[in-house]
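Structure file upload19.csv (CSV, C-alpha atoms) follows.
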```csv
chain,number,residue,atom,x,y,z
A,22,GLU,CA,6.2,1.8,-9.0
A,23,VAL,CA,3.9,-0.3,-6.7
A,24,ILE,CA,0.5,1.3,-5.9
A,25,VAL,CA,-2.1,0.3,-3.3
A,26,SER,CA,-5.6,0.6,-4.9
A,27,ILE,CA,-7.7,2.6,-2.4
A,28,THR,CA,-11.0,1.6,-3.9
A,29,ASP,CA,-10.3,-2.1,-3.0
A,30,TYR,CA,-10.8,-1.2,0.6
A,31,LEU,CA,-14.0,0.9,0.7
A,32,PRO,CA,-15.0,-1.5,2.2
A,33,TRP,CA,-13.7,-4.9,1.1
A,34,ARG,CA,-15.5,-8.2,1.5
A,35,SER,CA,-14.4,-10.9,3.9
A,36,GLY,CA,-16.8,-13.6,2.6
A,37,GLY,CA,-19.5,-12.9,5.2
A,38,SER,CA,-20.7,-16.5,5.8
A,39,ALA,CA,-20.0,-20.1,4.6
A,40,ARG,CA,-23.3,-20.0,2.6
A,41,SER,CA,-22.5,-16.8,0.7
A,42,LEU,CA,-19.0,-18.1,0.0
A,43,GLY,CA,-20.4,-21.3,-1.3
A,44,MET,CA,-22.6,-19.4,-3.7
A,45,ALA,CA,-19.6,-17.4,-5.0
A,46,GLY,CA,-21.2,-14.1,-3.8
A,47,ALA,CA,-24.5,-14.6,-5.7
A,48,TYR,CA,-26.2,-13.5,-2.5
A,49,THR,CA,-27.9,-10.1,-3.2
A,50,ALA,CA,-31.5,-11.4,-3.5
A,51,VAL,CA,-31.3,-14.5,-1.3
A,52,ALA,CA,-29.4,-13.1,1.7
A,53,ASP,CA,-30.9,-14.4,4.9
A,54,ASP,CA,-28.0,-14.7,7.4
A,55,LEU,CA,-25.3,-12.5,8.8
A,56,GLY,CA,-23.5,-12.5,5.4
A,57,SER,CA,-26.2,-10.0,4.5
A,58,ILE,CA,-24.2,-7.3,6.1
A,59,GLU,CA,-21.7,-7.5,3.3
A,60,TYR,CA,-23.9,-8.4,0.3
A,61,ASN,CA,-27.3,-6.7,1.0
A,62,PRO,CA,-28.2,-5.3,4.4
A,63,ALA,CA,-31.9,-5.7,3.7
A,64,GLY,CA,-31.4,-9.5,4.1
A,65,LEU,CA,-30.7,-9.0,7.8
A,66,ALA,CA,-34.5,-8.7,8.1
A,67,ASN,CA,-34.7,-12.5,7.5
A,68,VAL,CA,-32.7,-13.3,10.7
A,69,LYS,CA,-34.7,-15.3,13.2
A,70,HIS,CA,-34.5,-14.1,16.8
A,71,PHE,CA,-30.6,-14.1,17.4
A,72,GLN,CA,-27.6,-15.1,15.3
A,73,ALA,CA,-23.8,-14.9,15.8
A,74,THR,CA,-21.0,-16.0,13.5
A,75,LEU,CA,-17.2,-16.1,13.2
A,76,LEU,CA,-15.4,-16.7,9.9
A,77,GLY,CA,-11.6,-17.2,9.5
A,78,VAL,CA,-8.9,-18.3,7.1
A,79,MET,CA,-5.8,-20.5,7.9
A,80,SER,CA,-3.0,-20.2,5.4
A,81,ARG,CA,0.7,-20.8,5.0
A,82,ASN,CA,2.5,-17.9,3.4
A,83,SER,CA,5.9,-17.6,1.7
A,84,GLU,CA,7.8,-14.3,1.1
A,85,LEU,CA,11.3,-12.8,1.0
A,86,GLY,CA,12.6,-11.3,4.2
A,87,ALA,CA,13.4,-7.6,4.4
A,88,GLY,CA,16.9,-8.1,5.8
A,89,ASN,CA,18.9,-10.8,4.1
A,90,PHE,CA,16.1,-11.5,1.5
A,91,GLY,CA,16.0,-15.1,2.4
A,92,LYS,CA,12.7,-17.0,1.9
A,93,LYS,CA,10.6,-17.3,5.0
A,94,GLN,CA,7.4,-19.3,5.6
A,95,GLU,CA,4.8,-19.2,8.3
A,96,TRP,CA,1.3,-20.3,9.2
A,97,GLU,CA,-1.2,-17.6,9.8
A,98,ALA,CA,-4.8,-17.7,11.2
A,99,THR,CA,-6.8,-14.6,10.1
A,100,PRO,CA,-10.3,-14.0,11.6
A,101,THR,CA,-12.0,-12.2,8.7
A,102,PHE,CA,-15.6,-11.7,9.9
A,103,ALA,CA,-17.4,-11.7,13.3
A,104,ALA,CA,-21.0,-10.5,13.7
A,105,ALA,CA,-24.1,-10.7,15.8
A,106,ALA,CA,-27.7,-9.7,15.2
A,107,PHE,CA,-31.1,-9.8,17.0
A,108,LYS,CA,-34.6,-9.3,15.8
A,109,ILE,CA,-37.5,-7.6,17.7
A,110,TRP,CA,-40.8,-7.7,15.9
A,111,ARG,CA,-40.1,-6.6,12.3
A,112,ILE,CA,-36.8,-4.8,13.1
A,113,THR,CA,-33.3,-6.4,13.1
A,114,ALA,CA,-30.2,-4.8,14.4
A,115,GLY,CA,-26.6,-6.1,13.8
A,116,VAL,CA,-23.0,-5.3,14.5
A,117,SER,CA,-19.9,-6.7,12.8
A,118,ILE,CA,-16.2,-6.4,12.4
A,119,ARG,CA,-14.3,-7.3,9.3
A,120,GLN,CA,-10.6,-7.8,8.5
A,121,PRO,CA,-9.6,-8.6,4.9
A,122,TYR,CA,-7.4,-11.5,3.8
A,123,PHE,CA,-5.0,-11.5,0.9
A,124,PRO,CA,-2.6,-14.4,0.2
A,125,GLY,CA,1.0,-13.5,-0.4
A,126,VAL,CA,2.7,-14.2,-3.8
A,127,TYR,CA,6.1,-15.9,-3.9
A,128,GLN,CA,7.7,-16.8,-7.2
A,129,SER,CA,11.0,-18.4,-8.2
A,130,PHE,CA,12.2,-18.1,-11.8
A,131,SER,CA,14.8,-20.2,-13.7
A,132,GLY,CA,16.2,-17.1,-15.3
A,133,ILE,CA,16.8,-13.5,-14.3
A,134,GLN,CA,13.9,-11.2,-14.7
A,135,GLY,CA,13.9,-7.4,-15.1
A,136,ASN,CA,10.3,-6.1,-15.5
A,137,VAL,CA,10.2,-4.3,-12.1
A,138,LYS,CA,11.5,-0.7,-12.3
A,139,ALA,CA,12.8,1.5,-9.5
A,140,PRO,CA,11.1,4.9,-9.1
A,141,ASP,CA,13.8,6.5,-11.4
A,142,GLY,CA,12.9,4.0,-14.1
A,143,TYR,CA,15.9,1.7,-13.8
A,144,PRO,CA,15.0,-2.0,-14.3
A,145,MET,CA,15.8,-4.2,-11.3
A,146,GLN,CA,17.0,-7.8,-11.7
A,147,TYR,CA,15.7,-10.7,-9.8
A,148,ASP,CA,15.0,-14.4,-9.9
A,149,ARG,CA,13.2,-14.6,-6.5
A,150,PHE,CA,10.1,-12.3,-6.0
A,151,SER,CA,7.5,-11.8,-3.4
A,152,ASP,CA,4.4,-9.5,-3.2
A,153,ARG,CA,2.7,-9.3,0.2
A,154,LEU,CA,-0.2,-7.2,1.6
A,155,ASP,CA,-0.2,-6.7,5.4
A,156,VAL,CA,-3.8,-5.9,6.4
A,157,LYS,CA,-3.8,-7.0,10.0
A,158,SER,CA,-4.5,-3.5,11.4
A,159,LEU,CA,-7.2,-2.6,8.9
A,160,LYS,CA,-10.7,-3.1,10.3
A,161,THR,CA,-14.2,-2.2,9.2
A,162,TYR,CA,-16.9,-1.9,11.9
A,163,ALA,CA,-20.5,-2.0,10.7
A,164,LEU,CA,-23.8,-1.1,12.4
A,165,THR,CA,-26.7,-2.5,10.4
A,166,GLY,CA,-30.4,-2.0,10.6
A,167,ALA,CA,-33.2,-3.8,8.6
A,168,ILE,CA,-37.0,-3.8,8.6
A,169,ASP,CA,-39.3,-6.5,7.3
A,170,LEU,CA,-42.4,-4.9,5.5
A,171,GLY,CA,-43.9,-8.2,4.3
A,172,ARG,CA,-43.0,-8.6,0.6
A,173,ILE,CA,-40.4,-5.9,0.9
A,174,SER,CA,-37.3,-5.7,3.2
A,175,LEU,CA,-35.1,-2.6,3.5
A,176,GLY,CA,-31.7,-2.3,5.2
A,177,ALA,CA,-28.7,0.0,5.6
A,178,ASN,CA,-25.1,-0.2,6.9
A,179,LEU,CA,-22.9,2.4,8.5
A,180,ASN,CA,-19.3,1.3,8.0
A,181,VAL,CA,-16.4,2.8,10.0
A,182,ILE,CA,-13.0,2.1,8.4
A,183,ASP,CA,-9.8,2.4,10.4
A,184,GLY,CA,-6.2,1.1,9.9
A,185,LYS,CA,-3.6,0.7,7.3
A,186,VAL,CA,-2.5,-1.5,4.4
A,187,THR,CA,1.2,-2.1,3.7
A,188,ARG,CA,2.2,-3.7,0.4
A,189,SER,CA,5.8,-5.2,0.4
A,190,VAL,CA,7.3,-6.1,-2.9
A,191,ARG,CA,10.8,-7.6,-2.8
A,192,GLY,CA,13.2,-9.2,-5.2
A,193,ARG,CA,16.7,-10.7,-5.2
A,194,VAL,CA,19.1,-12.5,-7.5
A,195,SER,CA,20.1,-15.8,-5.9
A,196,SER,CA,23.4,-15.9,-7.8
A,197,ARG,CA,25.1,-12.6,-8.6
A,198,GLU,CA,26.9,-14.1,-11.6
A,199,GLY,CA,26.0,-11.9,-14.6
A,200,ALA,CA,23.5,-10.0,-12.5
A,201,GLY,CA,25.3,-6.7,-12.0
A,202,THR,CA,24.8,-4.7,-8.8
A,203,ASN,CA,21.1,-3.9,-9.0
A,204,SER,CA,20.1,-7.3,-7.7
A,205,GLN,CA,18.1,-6.6,-4.5
A,206,PHE,CA,15.1,-4.3,-4.0
A,207,ASN,CA,12.4,-3.7,-1.4
A,208,SER,CA,9.3,-1.6,-1.9
A,209,GLU,CA,7.1,-0.6,1.0
A,210,ASP,CA,3.8,1.1,0.0
A,211,THR,CA,1.5,2.1,2.9
A,212,ALA,CA,-2.0,3.6,2.8
A,213,THR,CA,-3.7,4.6,6.1
A,214,PHE,CA,-7.5,4.8,6.1
A,215,ASN,CA,-9.8,6.6,8.5
A,216,GLY,CA,-13.5,7.4,7.8
A,217,TYR,CA,-16.9,6.0,7.1
A,218,THR,CA,-19.2,4.8,4.3
A,219,GLY,CA,-22.9,3.9,4.0
A,220,ASP,CA,-24.7,1.1,2.1
A,221,ALA,CA,-28.4,0.5,1.4
A,222,GLY,CA,-30.3,-2.4,0.1
A,223,ALA,CA,-33.8,-3.8,-0.7
A,224,ILE,CA,-35.3,-7.3,-1.3
A,225,VAL,CA,-38.7,-7.9,-2.9
A,226,LYS,CA,-40.4,-11.3,-2.5
A,227,LEU,CA,-42.6,-12.4,-5.4
A,228,GLY,CA,-43.6,-15.9,-4.5
A,229,VAL,CA,-40.8,-18.2,-5.5
A,230,VAL,CA,-38.9,-15.3,-7.1
A,231,ARG,CA,-36.8,-12.9,-5.1
A,232,LEU,CA,-35.3,-9.7,-6.4
A,233,GLY,CA,-32.5,-7.9,-4.6
A,234,ALA,CA,-30.6,-4.6,-5.1
A,235,SER,CA,-27.8,-3.0,-3.1
A,236,ALA,CA,-25.8,0.2,-3.3
A,237,LYS,CA,-22.3,0.3,-1.8
A,238,ASN,CA,-20.6,3.4,-0.4
A,239,VAL,CA,-23.5,5.7,-1.4
A,240,VAL,CA,-22.4,8.2,1.3
A,241,GLY,CA,-19.2,8.6,3.2
A,242,SER,CA,-15.9,10.3,3.7
A,243,VAL,CA,-12.6,8.5,4.0
A,244,LYS,CA,-9.2,10.2,4.6
A,245,VAL,CA,-6.2,8.4,3.1
A,246,LYS,CA,-2.5,9.0,3.9
A,247,HIS,CA,-0.1,7.4,1.4
A,248,ASP,CA,3.6,6.7,2.1
A,249,TYR,CA,6.0,5.1,-0.3
A,250,LEU,CA,9.5,3.8,0.4
A,251,TRP,CA,11.9,2.2,-2.0
A,252,LYS,CA,15.3,0.6,-1.1
A,253,ASP,CA,17.7,-1.2,-3.5
A,254,ASP,CA,21.4,-2.0,-3.8
A,255,PHE,CA,22.1,1.6,-4.8
A,256,ALA,CA,20.5,3.2,-1.7
```
Would you mind writing the file out in structure tokens?
Amino acid sequence: EVIVSITDYLPWRSGGSARSLGMAGAYTAVADDLGSIEYNPAGLANVKHFQATLLGVMSRNSELGAGNFGKKQEWEATPTFAAAAFKIWRITAGVSIRQPYFPGVYQSFSGIQGNVKAPDGYPMQYDRFSDRLDVKSLKTYALTGAIDLGRISLGANLNVIDGKVTRSVRGRVSSREGAGTNSQFNSEDTATFNGYTGDAGAIVKLGVVRLGASAKNVVGSVKVKHDYLWKDDFA
């Protein structure tokens, strides 16, 4: 059985900014741009006047098609993060929209595999395999506020989550010789999300040393509807 992990999306990270990506996410204490919305909302207090940003990913994905199970490839441009913030006196307000990105997995094996099981436990055979998450409709909208109190900055996010995630896992045997009849399968696992969460953070400046702390999803309520569909040569 193929399961979508709900906790991966409450909410997920898109990268936030080129600087935070370049620091491999070590951004909780030094956050000072719009990437703060993801890593520590208190860092938004360090924004000067007005800032706007757009972050995206360009990729070429391969997967098995749902119909004839042939390999298909396509280029995709995914805008993962867009945000803007402005500062008045010591208070900063920001808005953002996030969309996740997950690269598809396509594998070709020299021999026939059989480690994926149908819902009834029957092992499926394949030598071509793809695993793809479709997250185009899943969005997180965030409203962020932060205040600069001198050595201490405080901030909070309100995240509204809406959309769905569909995971498609497909396999086929290129040559049926010795493969039997269970040589094609298609799993569609969909989770639909609707709700909100809240984050909080703080940054303390001690000369050249900065300490940061953030708490994700400290409040919230998210409704999830889960649908699972399996098709194979027997169905």
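Straight-line separation from atom CA of A:Asp253 to atom CA of A:Asn89: 12.3 Å.
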> Which of these residues is nearest to A:Ser131, using only C-alpha atoms: A:Arg149, A:Arg119, A:Arg40, A:Lys244?
Replying inline: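 That would be A:Arg149, the residue with the smallest distance to A:Ser131.
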> Which residues come within 10 Å of stretch 46-52 of chain A, counting all atoms listed in the file, excluding same-chain residues fewer than 3 positions away, as number ranges by chain?
Replying inline: A: 34, 36-38, 40-43, 55-68, 222-226, 230-235
> What does the distance between atom CA of A:Ala167 and atom CA of A:Thr99 come to in Å, to one decimal place?
Replying inline: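 Interatomic distance here is 28.6 Å.
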>> As an exercise, work out the distance from atom CA of A:Gly192 to atom CA of A:Val78 in Å and give it to one decimal place.
In response: 26.9 Å
>> Please list, as number ranges by chain, the residues that have an atom at most 10 Å away from (-17.2, 6.3, 13.0) in the coordinates of this file, counting all atoms listed in the file.
In response: A: 161-164, 179-183, 215-218
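In terms of minimum interatomic distance to A:Tyr143, A:Phe206 ranks closest within A:His247, A:Asp53, A:Phe206, A:Val156, counting all atoms listed in the file.
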>> Can you pull out the residues contacting A:Ala106? Cut-off 7 Å, using all atoms listed in the file, and skip same-chain residues under 2 positions away; I want them as a ChimeraX atom specification.
In response: /A:71-73,104,108,113-116
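For the set A:Asn82, A:Ser117, A:Asn238, A:Gln146, the residue with the smallest atom-to-atom gap to A:Glu95 is A:Asn82, counting all atoms listed in the file.
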> A:Phe90: which residues within 12 Å, counting all atoms listed in the file, same-chain residues fewer than 3 positions away excluded, as a list of chain:residue names?
Replying inline: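 With the cut-off at 12 Å, the set is A:Ser83, A:Glu84, A:Leu85, A:Gly86, A:Ala87, A:Lys93, A:Tyr147, A:Asp148, A:Arg149, A:Phe150, A:Ser151, A:Val190, A:Arg191, A:Gly192, A:Arg193, A:Val194, A:Ser195, A:Ser204, A:Gln205, A:Phe206, A:Asn207, A:Asp253.
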